[in-house]
Each structure stands twice: as structure tokens, then as C-alpha cells.
file structure_1.pdb (PDB, C-alpha atoms)
ATOM      1  CA  MET A  27      11.580 -25.283  12.770  1.00  0.00           C
ATOM      2  CA  LEU A  28      12.457 -21.949  11.165  1.00  0.00           C
ATOM      3  CA  PRO A  29      16.162 -21.274  10.637  1.00  0.00           C
ATOM      4  CA  ASP A  30      17.679 -18.506  12.756  1.00  0.00           C
ATOM      5  CA  LYS A  31      18.547 -16.581   9.583  1.00  0.00           C
ATOM      6  CA  TYR A  32      14.864 -15.577   9.365  1.00  0.00           C
ATOM      7  CA  ARG A  33      14.933 -12.813  11.968  1.00  0.00           C
ATOM      8  CA  TYR A  34      12.039 -10.788  10.521  1.00  0.00           C
ATOM      9  CA  ILE A  35       9.189 -12.819   9.043  1.00  0.00           C
ATOM     10  CA  VAL A  36       6.068 -11.286   7.507  1.00  0.00           C
ATOM     11  CA  VAL A  37       2.788 -13.073   6.807  1.00  0.00           C
ATOM     12  CA  GLU A  38       0.755 -11.274   4.124  1.00  0.00           C
ATOM     13  CA  GLY A  39      -2.456 -11.817   2.196  1.00  0.00           C
ATOM     14  CA  PRO A  40      -6.062 -10.666   1.927  1.00  0.00           C
ATOM     15  CA  ILE A  41      -8.507 -10.438   4.783  1.00  0.00           C
ATOM     16  CA  GLY A  42      -9.788 -13.803   5.912  1.00  0.00           C
ATOM     17  CA  ALA A  43      -6.723 -15.672   4.664  1.00  0.00           C
ATOM     18  CA  GLY A  44      -5.449 -16.433   8.164  1.00  0.00           C
ATOM     19  CA  LYS A  45      -2.511 -14.010   8.361  1.00  0.00           C
ATOM     20  CA  THR A  46      -2.852 -13.262  12.051  1.00  0.00           C
ATOM     21  CA  SER A  47      -3.507 -16.883  13.028  1.00  0.00           C
ATOM     22  CA  LEU A  48      -0.463 -18.078  11.088  1.00  0.00           C
ATOM     23  CA  ALA A  49       1.702 -15.254  12.459  1.00  0.00           C
ATOM     24  CA  ARG A  50       0.676 -16.178  16.020  1.00  0.00           C
ATOM     25  CA  ARG A  51       1.485 -19.864  15.452  1.00  0.00           C
ATOM     26  CA  LEU A  52       4.832 -19.105  13.826  1.00  0.00           C
ATOM     27  CA  SER A  53       5.724 -16.725  16.638  1.00  0.00           C
ATOM     28  CA  GLU A  54       4.908 -19.326  19.296  1.00  0.00           C
ATOM     29  CA  HIS A  55       6.595 -22.174  17.411  1.00  0.00           C
ATOM     30  CA  ALA A  56       9.802 -20.270  16.674  1.00  0.00           C
ATOM     31  CA  GLY A  57       9.919 -18.322  19.943  1.00  0.00           C
ATOM     32  CA  LYS A  58       9.833 -14.971  18.140  1.00  0.00           C
ATOM     33  CA  SER A  59       8.162 -11.699  19.076  1.00  0.00           C
ATOM     34  CA  LEU A  60       4.775 -10.974  17.516  1.00  0.00           C
ATOM     35  CA  LEU A  61       3.888  -7.747  15.693  1.00  0.00           C
ATOM     36  CA  LEU A  62       0.224  -7.400  14.659  1.00  0.00           C
ATOM     37  CA  GLU A  63      -1.801  -4.842  12.732  1.00  0.00           C
ATOM     38  CA  ASP A  64      -4.051  -2.733  14.937  1.00  0.00           C
ATOM     39  CA  PRO A  65      -6.893  -1.434  12.751  1.00  0.00           C
ATOM     40  CA  ASP A  66      -9.122  -0.930  15.805  1.00  0.00           C
ATOM     41  CA  SER A  67      -6.986   2.007  16.936  1.00  0.00           C
ATOM     42  CA  ASN A  68      -7.492   3.940  13.669  1.00  0.00           C
ATOM     43  CA  PRO A  69     -10.090   6.613  14.528  1.00  0.00           C
ATOM     44  CA  PHE A  70     -10.735   7.345  10.834  1.00  0.00           C
ATOM     45  CA  LEU A  71     -11.453   3.834   9.605  1.00  0.00           C
ATOM     46  CA  ALA A  72     -15.193   3.704  10.320  1.00  0.00           C
ATOM     47  CA  ARG A  73     -15.613   7.171   8.772  1.00  0.00           C
ATOM     48  CA  PHE A  74     -13.607   5.994   5.741  1.00  0.00           C
ATOM     49  CA  TYR A  75     -16.328   3.424   5.059  1.00  0.00           C
ATOM     50  CA  GLU A  76     -18.989   6.112   5.280  1.00  0.00           C
ATOM     51  CA  ASP A  77     -17.218   8.718   3.119  1.00  0.00           C
ATOM     52  CA  GLN A  78     -14.145   7.320   1.376  1.00  0.00           C
ATOM     53  CA  PRO A  79     -13.110  10.464  -0.560  1.00  0.00           C
ATOM     54  CA  ARG A  80     -13.199  12.600   2.575  1.00  0.00           C
ATOM     55  CA  TYR A  81     -11.412  10.221   4.973  1.00  0.00           C
ATOM     56  CA  ALA A  82      -9.081   8.232   2.686  1.00  0.00           C
ATOM     57  CA  LEU A  83      -6.012  10.405   3.329  1.00  0.00           C
ATOM     58  CA  ALA A  84      -6.475  10.545   7.100  1.00  0.00           C
ATOM     59  CA  THR A  85      -7.098   6.806   7.261  1.00  0.00           C
ATOM     60  CA  GLN A  86      -4.096   6.014   5.081  1.00  0.00           C
ATOM     61  CA  LEU A  87      -1.735   8.338   6.942  1.00  0.00           C
ATOM     62  CA  PHE A  88      -2.807   6.949  10.315  1.00  0.00           C
ATOM     63  CA  PHE A  89      -2.025   3.410   9.122  1.00  0.00           C
ATOM     64  CA  LEU A  90       1.275   4.539   7.624  1.00  0.00           C
ATOM     65  CA  PHE A  91       2.475   6.268  10.811  1.00  0.00           C
ATOM     66  CA  GLN A  92       1.215   3.437  12.997  1.00  0.00           C
ATOM     67  CA  ARG A  93       2.954   0.727  10.971  1.00  0.00           C
ATOM     68  CA  ALA A  94       6.135   2.755  10.500  1.00  0.00           C
ATOM     69  CA  GLN A  95       6.317   3.214  14.263  1.00  0.00           C
ATOM     70  CA  GLN A  96       5.694  -0.495  14.822  1.00  0.00           C
ATOM     71  CA  VAL A  97       8.514  -1.589  12.494  1.00  0.00           C
ATOM     72  CA  ALA A  98      10.969   1.185  13.420  1.00  0.00           C
ATOM     73  CA  GLY A  99      12.234  -0.784  16.409  1.00  0.00           C
ATOM     74  CA  LEU A 100      13.051  -3.715  14.160  1.00  0.00           C
ATOM     75  CA  LYS A 101      15.705  -1.756  12.268  1.00  0.00           C
ATOM     76  CA  GLN A 102      18.211  -2.215  15.065  1.00  0.00           C
ATOM     77  CA  ILE A 103      17.733  -5.925  15.768  1.00  0.00           C
ATOM     78  CA  ASP A 104      20.721  -7.057  17.779  1.00  0.00           C
ATOM     79  CA  LEU A 105      22.408 -10.440  17.818  1.00  0.00           C
ATOM     80  CA  PHE A 106      20.599 -11.524  20.971  1.00  0.00           C
ATOM     81  CA  ASP A 107      17.116 -10.605  19.766  1.00  0.00           C
ATOM     82  CA  ARG A 108      14.974 -13.644  19.043  1.00  0.00           C
ATOM     83  CA  GLY A 109      13.375 -12.115  15.922  1.00  0.00           C
ATOM     84  CA  THR A 110       9.873 -11.037  14.966  1.00  0.00           C
ATOM     85  CA  VAL A 111       6.856 -12.363  13.079  1.00  0.00           C
ATOM     86  CA  ALA A 112       4.426  -9.732  11.717  1.00  0.00           C
ATOM     87  CA  ASP A 113       1.028  -9.985  10.026  1.00  0.00           C
ATOM     88  CA  PHE A 114       1.591  -6.954   7.789  1.00  0.00           C
ATOM     89  CA  ILE A 115       4.221  -5.411   5.574  1.00  0.00           C
ATOM     90  CA  LEU A 116       4.724  -1.677   5.277  1.00  0.00           C
ATOM     91  CA  ASP A 117       5.257  -1.978   1.512  1.00  0.00           C
ATOM     92  CA  LYS A 118       1.560  -2.800   1.065  1.00  0.00           C
ATOM     93  CA  ASP A 119       0.428   0.663   2.161  1.00  0.00           C
ATOM     94  CA  PRO A 120       1.325   2.467  -1.107  1.00  0.00           C
ATOM     95  CA  LEU A 121      -0.873   0.011  -3.010  1.00  0.00           C
ATOM     96  CA  PHE A 122      -3.922   1.019  -0.983  1.00  0.00           C
ATOM     97  CA  ALA A 123      -2.928   4.675  -1.187  1.00  0.00           C
ATOM     98  CA  SER A 124      -2.707   4.562  -4.967  1.00  0.00           C
ATOM     99  CA  LEU A 125      -6.215   3.148  -5.136  1.00  0.00           C
ATOM    100  CA  THR A 126      -7.989   5.348  -2.601  1.00  0.00           C
ATOM    101  CA  LEU A 127      -6.351   8.776  -2.763  1.00  0.00           C
ATOM    102  CA  SER A 128      -6.795  11.623  -5.220  1.00  0.00           C
ATOM    103  CA  ASP A 129      -3.746  12.573  -7.303  1.00  0.00           C
ATOM    104  CA  ASP A 130      -2.796  15.487  -5.016  1.00  0.00           C
ATOM    105  CA  GLU A 131      -3.292  13.397  -1.880  1.00  0.00           C
ATOM    106  CA  LEU A 132      -1.276  10.560  -3.375  1.00  0.00           C
ATOM    107  CA  HIS A 133       1.596  12.920  -4.154  1.00  0.00           C
ATOM    108  CA  LEU A 134       1.616  14.125  -0.541  1.00  0.00           C
ATOM    109  CA  TYR A 135       1.372  10.552   0.740  1.00  0.00           C
ATOM    110  CA  GLN A 136       4.290   9.451  -1.471  1.00  0.00           C
ATOM    111  CA  GLN A 137       6.469  12.256  -0.096  1.00  0.00           C
ATOM    112  CA  ILE A 138       5.696  11.220   3.476  1.00  0.00           C
ATOM    113  CA  TYR A 139       6.160   7.532   2.682  1.00  0.00           C
ATOM    114  CA  GLY A 140       9.502   8.291   1.048  1.00  0.00           C
ATOM    115  CA  HIS A 141      10.768   9.778   4.298  1.00  0.00           C
ATOM    116  CA  LEU A 142       9.547   6.839   6.398  1.00  0.00           C
ATOM    117  CA  THR A 143      10.496   3.910   4.166  1.00  0.00           C
ATOM    118  CA  PRO A 144      14.220   3.778   5.001  1.00  0.00           C
ATOM    119  CA  GLN A 145      13.278   3.180   8.636  1.00  0.00           C
ATOM    120  CA  ALA A 146      11.459  -0.041   7.761  1.00  0.00           C
ATOM    121  CA  PRO A 147      13.641  -3.147   7.602  1.00  0.00           C
ATOM    122  CA  THR A 148      13.370  -5.610   4.752  1.00  0.00           C
ATOM    123  CA  PRO A 149      11.811  -8.900   5.870  1.00  0.00           C
ATOM    124  CA  ASP A 150      14.010 -11.972   5.695  1.00  0.00           C
ATOM    125  CA  LEU A 151      11.014 -14.068   4.706  1.00  0.00           C
ATOM    126  CA  VAL A 152       7.542 -13.146   3.398  1.00  0.00           C
ATOM    127  CA  ILE A 153       4.846 -15.798   3.521  1.00  0.00           C
ATOM    128  CA  THR A 154       1.853 -15.052   1.313  1.00  0.00           C
ATOM    129  CA  CYS A 155      -1.513 -16.498   2.294  1.00  0.00           C
ATOM    130  CA  ARG A 156      -4.092 -16.891  -0.439  1.00  0.00           C
ATOM    131  CA  GLN A 157      -7.843 -16.949  -0.146  1.00  0.00           C
ATOM    132  CA  HIS A 158     -10.788 -17.326  -2.493  1.00  0.00           C
ATOM    133  CA  LEU A 159     -12.635 -14.092  -3.227  1.00  0.00           C
ATOM    134  CA  GLU A 160     -15.860 -15.489  -1.730  1.00  0.00           C
ATOM    135  CA  ASN A 161     -14.136 -16.111   1.607  1.00  0.00           C
ATOM    136  CA  CYS A 162     -12.627 -12.618   1.575  1.00  0.00           C
ATOM    137  CA  SER A 163     -16.075 -11.165   0.896  1.00  0.00           C
ATOM    138  CA  ARG A 164     -17.489 -13.160   3.800  1.00  0.00           C
ATOM    139  CA  ALA A 165     -14.724 -11.930   6.107  1.00  0.00           C
ATOM    140  CA  CYS A 166     -15.465  -8.316   5.174  1.00  0.00           C
ATOM    141  CA  ALA A 167     -19.185  -8.874   5.637  1.00  0.00           C
ATOM    142  CA  ASN A 168     -18.494 -10.140   9.158  1.00  0.00           C
ATOM    143  CA  ALA A 169     -16.365  -7.115  10.015  1.00  0.00           C
ATOM    144  CA  ARG A 170     -17.684  -4.430  12.334  1.00  0.00           C
ATOM    145  CA  PHE A 171     -17.692  -1.795   9.613  1.00  0.00           C
ATOM    146  CA  PRO A 172     -20.680  -0.881   7.457  1.00  0.00           C
ATOM    147  CA  THR A 173     -21.244  -3.322   4.636  1.00  0.00           C
ATOM    148  CA  ASN A 174     -22.491  -0.637   2.260  1.00  0.00           C
ATOM    149  CA  ALA A 175     -18.847   0.118   1.540  1.00  0.00           C
ATOM    150  CA  THR A 176     -18.629  -3.131  -0.392  1.00  0.00           C
ATOM    151  CA  SER A 177     -21.064  -1.739  -2.943  1.00  0.00           C
ATOM    152  CA  ARG A 178     -18.510   0.977  -3.780  1.00  0.00           C
ATOM    153  CA  SER A 179     -15.529  -1.343  -3.907  1.00  0.00           C
ATOM    154  CA  SER A 180     -14.516  -4.918  -4.369  1.00  0.00           C
ATOM    155  CA  ILE A 181     -12.150  -6.970  -2.257  1.00  0.00           C
ATOM    156  CA  SER A 182      -8.517  -6.557  -3.186  1.00  0.00           C
ATOM    157  CA  PRO A 183      -5.669  -8.976  -2.698  1.00  0.00           C
ATOM    158  CA  ALA A 184      -2.950  -7.676  -0.403  1.00  0.00           C
ATOM    159  CA  LEU A 185      -0.400  -7.619  -3.211  1.00  0.00           C
ATOM    160  CA  PRO A 186      -2.272  -7.286  -6.517  1.00  0.00           C
ATOM    161  CA  THR A 187      -0.746  -8.275  -9.807  1.00  0.00           C
ATOM    162  CA  PRO A 188      -0.027  -5.430 -12.238  1.00  0.00           C
ATOM    163  CA  THR A 189      -2.945  -6.481 -14.437  1.00  0.00           C
ATOM    164  CA  ALA A 190      -5.363  -6.439 -11.500  1.00  0.00           C
ATOM    165  CA  ALA A 191      -4.052  -3.082 -10.291  1.00  0.00           C
ATOM    166  CA  SER A 192      -4.619  -1.520 -13.688  1.00  0.00           C
ATOM    167  CA  SER A 193      -8.265  -2.587 -13.764  1.00  0.00           C
ATOM    168  CA  THR A 194     -10.693   0.276 -13.257  1.00  0.00           C
ATOM    169  CA  SER A 195     -12.936  -1.914 -11.104  1.00  0.00           C
ATOM    170  CA  PHE A 196     -10.100  -2.828  -8.732  1.00  0.00           C
ATOM    171  CA  ARG A 197     -10.754  -0.977  -5.470  1.00  0.00           C
ATOM    172  CA  PRO A 198      -9.295  -1.672  -2.031  1.00  0.00           C
ATOM    173  CA  ARG A 199     -11.350  -2.722   0.933  1.00  0.00           C
ATOM    174  CA  ARG A 200      -9.914  -2.414   4.394  1.00  0.00           C
ATOM    175  CA  CYS A 201     -11.657  -4.559   6.944  1.00  0.00           C
TER     176      CYS A 201
END
call {"tool": "encode", "arguments": {"input": "structure_1.pdb", "output": "C-alpha cells"}}
result
Amino acid sequence: MLPDKYRYIVVEGPIGAGKTSLARRLSEHAGKSLLLEDPDSNPFLARFYEDQPRYALATQLFFLFQRAQQVAGLKQIDLFDRGTVADFILDKDPLFASLTLSDDELHLYQQIYGHLTPQAPTPDLVITCRQHLENCSRACANARFPTNATSRSSISPALPTPTAASSTSFRPRRC
């Protein structure tokens, strides 16, 4: 049983690691609300896979606004609220932005993110799921989006280490 002090729990990790499944189970087990990513509602995502330079900013901003809106209600959790389990963390978005956006686009994104960040609460607990690269690749291959995008980029962990982030071959892949 999760202690009541964990009001906002986040499950993070790469695609195919079981974030959503674990978040659902934790939510049911602990009697907490569930907050899930909704990539299907991003109208730019499929186009991002076809033409990353053209659609990276629109895709990234849509995700940023969507997630910021999702977590905004969590800022004012009252004493009677049962808490929330989420399968994403807003702090991950700048990592993808830094890897997909041009310098000018990144500067604009950082300004927007800076205005939205204070509205996002800090999780009380972050659970990181890990997955082998081969399984992540398989999960992306099974996604609805074109697989030719994998030839332009490799799978990235949700929270890369500084050495991985500095690698020139490190490119994000949203699935």
C-alpha cells in the first residue's frame, strides 16, 4: 500500500517499459485518480514523423500545452483529494525539445515553458521504468506511425543521462 504522503505519483520511462500499465495498477490499488498521456490527440504527431524539421515545434508545443493543462489542476490538491498517478512528467518535455528543435525554435519553446512550469506541481514520488533498447525499438515498430522515422533517429530513454544527451547520435523518438 502506498503511503498517503504520496499524493502525486509519476511513472516515467521509455516507450514499451510499461508506464501506462503500472500507472493504471497503482491508481486502482491506491484508489487514486489516473492521468495519462494522450498522444493520439496531437494532430501534428504523424506529420512530425514525415517531416521532423517542419513539424517539430508544432508537435512539441501541442504536447507542452496539453500536459501543462492536464497537470494544472493538480496544483491545488486539497486535503480531501485522493491523489493522482500519472504516466508522464512535464519536466521531460524540454529534453525532447532540445533534441528536435532548431536553436531559434528552442529559444521560443524555453520562453513558453518558463511561463508554464510554475503551474506544474512537483511529484511526491517518481517511479522510473527501464526497458532494453530492443524492446523499445519493437514498441516503436508496432506503433501506428511510419517506421521510416526510426532511420532518422534512435530510441531515447525518457530521462537520458548527460553523457547520452551529449552524443550526436542521440535523437528522440516519440511513439
call {"tool": "closest_atom_pairs", "arguments": {"input": "structure_1.pdb", "of": "segment 62-107 of chain A", "to": "segment 133-149 of chain A", "cutoff": "8 Å", "atoms": "only C-alpha atoms", "output": "CSV"}}
result
residue,atom,partner,partner_atom,distance
A:Leu83,CA,A:Tyr135,CA,7.8
A:Leu87,CA,A:Tyr135,CA,7.3
A:Leu90,CA,A:Tyr139,CA,7.6
A:Ala94,CA,A:Ala146,CA,6.6
A:Val97,CA,A:Ala146,CA,5.8
A:Ala98,CA,A:Gln145,CA,5.7
A:Leu100,CA,A:Pro147,CA,6.6
A:Lys101,CA,A:Pro147,CA,5.3
call {"tool": "closest_residue", "arguments": {"input": "structure_1.pdb", "among": "A:Asp30, A:Glu160, A:Glu54, A:Asp66", "to": "Phe88 of chain A", "atoms": "all atoms listed in the file"}}
result
A:Asp66
call {"tool": "atom_distance", "arguments": {"input": "structure_1.pdb", "atom1": "atom CA of Ser128 of chain A", "atom2": "atom CA of Ala82 of chain A"}}
result
8.9 Å
call {"tool": "closest_residue", "arguments": {"input": "structure_1.pdb", "among": "A:Ile41, A:Tyr32, A:Asp77, A:Gln92", "to": "Leu61 of chain A", "atoms": "all atoms listed in the file"}}
result
A:Gln92
call {"tool": "closest_residue", "arguments": {"input": "structure_1.pdb", "among": "A:Ala123, A:Leu132, A:Cys155, A:Phe114", "to": "Gly42 of chain A", "atoms": "all atoms listed in the file"}}
result
A:Cys155
call {"tool": "atom_distance", "arguments": {"input": "structure_1.pdb", "atom1": "atom CA of Ile35 of chain A", "atom2": "atom CA of Leu127 of chain A"}}
result
29.1 Å
call {"tool": "axis_aligned_box", "arguments": {"input": "structure_1.pdb", "around": "segment 52-68 of chain A", "padding_each_side": "8 Å", "output": "AutoDock Vina command-line options"}}
result
--center_x 0.4 --center_y -9.1 --center_z 16.3 --size_x 35.0 --size_y 42.1 --size_z 23.2
call {"tool": "atom_distance", "arguments": {"input": "structure_1.pdb", "atom1": "atom CA of Phe122 of chain A", "atom2": "atom CA of Gln78 of chain A"}}
result
12.2 Å
call {"tool": "closest_residue", "arguments": {"input": "structure_1.pdb", "among": "A:Thr46, A:Gln86, A:Gln95, A:Thr126", "to": "Pro69 of chain A", "atoms": "only C-alpha atoms"}}
result
A:Gln86
call {"tool": "closest_residue", "arguments": {"input": "structure_1.pdb", "among": "A:Asp150, A:Gln157, A:Ala112, A:Arg73", "to": "Arg50 of chain A", "atoms": "all atoms listed in the file"}}
result
A:Ala112
